[in-house]
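Student: Have a look at the structure that comes next, please.
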Amino acid sequence: MIFAVHVDDIISITSKPSMNKAFKSQLKGKWDITNLGPAKFMLGITISRNPSTNTISISQTALINQVVEQFNQHDAHPVNVPMVTRLQLYRPNKTDPVPPKIAAWAEHTPYRSLVGSLMYIAIST
């Protein structure tokens with residue numbers, strides 16, 4: 001048996017339906033619970049089951065669409081941009097003033113939030 005808990009949601013997976021039924025009975029013995037049936041969606045992840053092939057697929061299309069909307073990336077498209085050869089990155093001196101053009105870009109670009117959202121999408125499924 002495998003089960004995951006997030007706040008007040010529990011998803012359980014067993015090799016035998018009788019084990020899952022026993023687990024739910026034990027939970028019902030302690031708390032009031034609602035059985036919503038087979039999982040279809042949890043934490044932004046869509047869960048699709050195909051009983052005929054015994055497969056489970058997960059995707060985050062809804063979350064990806066939400067991130068595209070949130071960061072206004074409707075017109076974004078993939079491009080091949082290789083890393084510049086012999087590029088040397090350096091950390092700027094924090095006492096130097098930030099150029100106005102860079103400050104304006106940073107002010108309207110939630111870079112950390114976007115990278116965090118992309119990292120969550122990349123590692124959660």
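Chains: A, B, ... in order of the structure tokens. Residues: from 1 per chain. Ligands: from 1, in order shown.
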For Thr125 (chain A), list every protein, DNA or RNA residue within 9 Å, evaluated using only C-alpha atoms, and leave out those in the same chain fewer than 4 positions away; present the list as a PyMOL selection string.
Tutor: chain A and resi 45+58-60+120-121
Student: Please provide the set of residues having any atom within 12 Å of region 74-85 of chain A, restricted to only C-alpha atoms, with same-chain residues fewer than 6 positions apart removed, written as a VMD selection string.
Tutor: chain A and resid 64 to 68
Student: Would you mind listing what lies within 9 Å of region 39-41 of chain A as an MDAnalysis selection string, with only C-alpha atoms counted and same-chain residues fewer than 6 positions away left out?
Tutor: chainID A and resid 11:12 47:49
Student: Got a sec to tell me which of region 11-89 of chain A DSSP assigns to strand (DSSP E or B), as number ranges by chain?
Tutor: A: 11-13, 41-42, 45-50, 55-59
Student: Determine which residues of region 23-107 of chain A receive a DSSP assignment of alpha helix (DSSP H), computed from the backbone, and state them as a count of residues only.
Tutor: 26
Student: Can you tell me which residues surround region 28-34 of chain A at a distance of at most 10 Å, considering only C-alpha atoms, apart from same-chain residues fewer than 4 positions away, and format the answer as a PyMOL selection string?
Tutor: chain A and resi 8-10+22-24
Student: Could you take the residues named above and write them with N, CA and C atoms, as a tab-separated table (two decimals), in the first residue's frame?
Tutor:
chain	number	residue	atom	x	y	z
A	8	ASP	N	-5.83	17.94	4.01
A	8	ASP	CA	-6.94	17.04	4.37
A	8	ASP	C	-7.30	16.10	3.22
A	9	ASP	N	-6.41	15.90	2.29
A	9	ASP	CA	-6.63	14.98	1.17
A	9	ASP	C	-5.71	13.78	1.32
A	10	ILE	N	-6.26	12.60	1.07
A	10	ILE	CA	-5.47	11.36	1.10
A	10	ILE	C	-5.74	10.63	-0.20
A	22	ALA	N	-10.13	-2.00	3.18
A	22	ALA	CA	-9.81	-2.14	4.60
A	22	ALA	C	-9.18	-0.85	5.15
A	23	PHE	N	-8.32	-0.24	4.36
A	23	PHE	CA	-7.68	1.02	4.77
A	23	PHE	C	-8.73	2.11	4.97
A	24	LYS	N	-9.66	2.21	4.04
A	24	LYS	CA	-10.72	3.22	4.15
A	24	LYS	C	-11.61	2.93	5.36
Student: One decimal, Å: what's the distance from CA of Ser25 (chain A) over to CA of Leu43 (chain A), could you say?
Tutor: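 The value is 24.5 Å.
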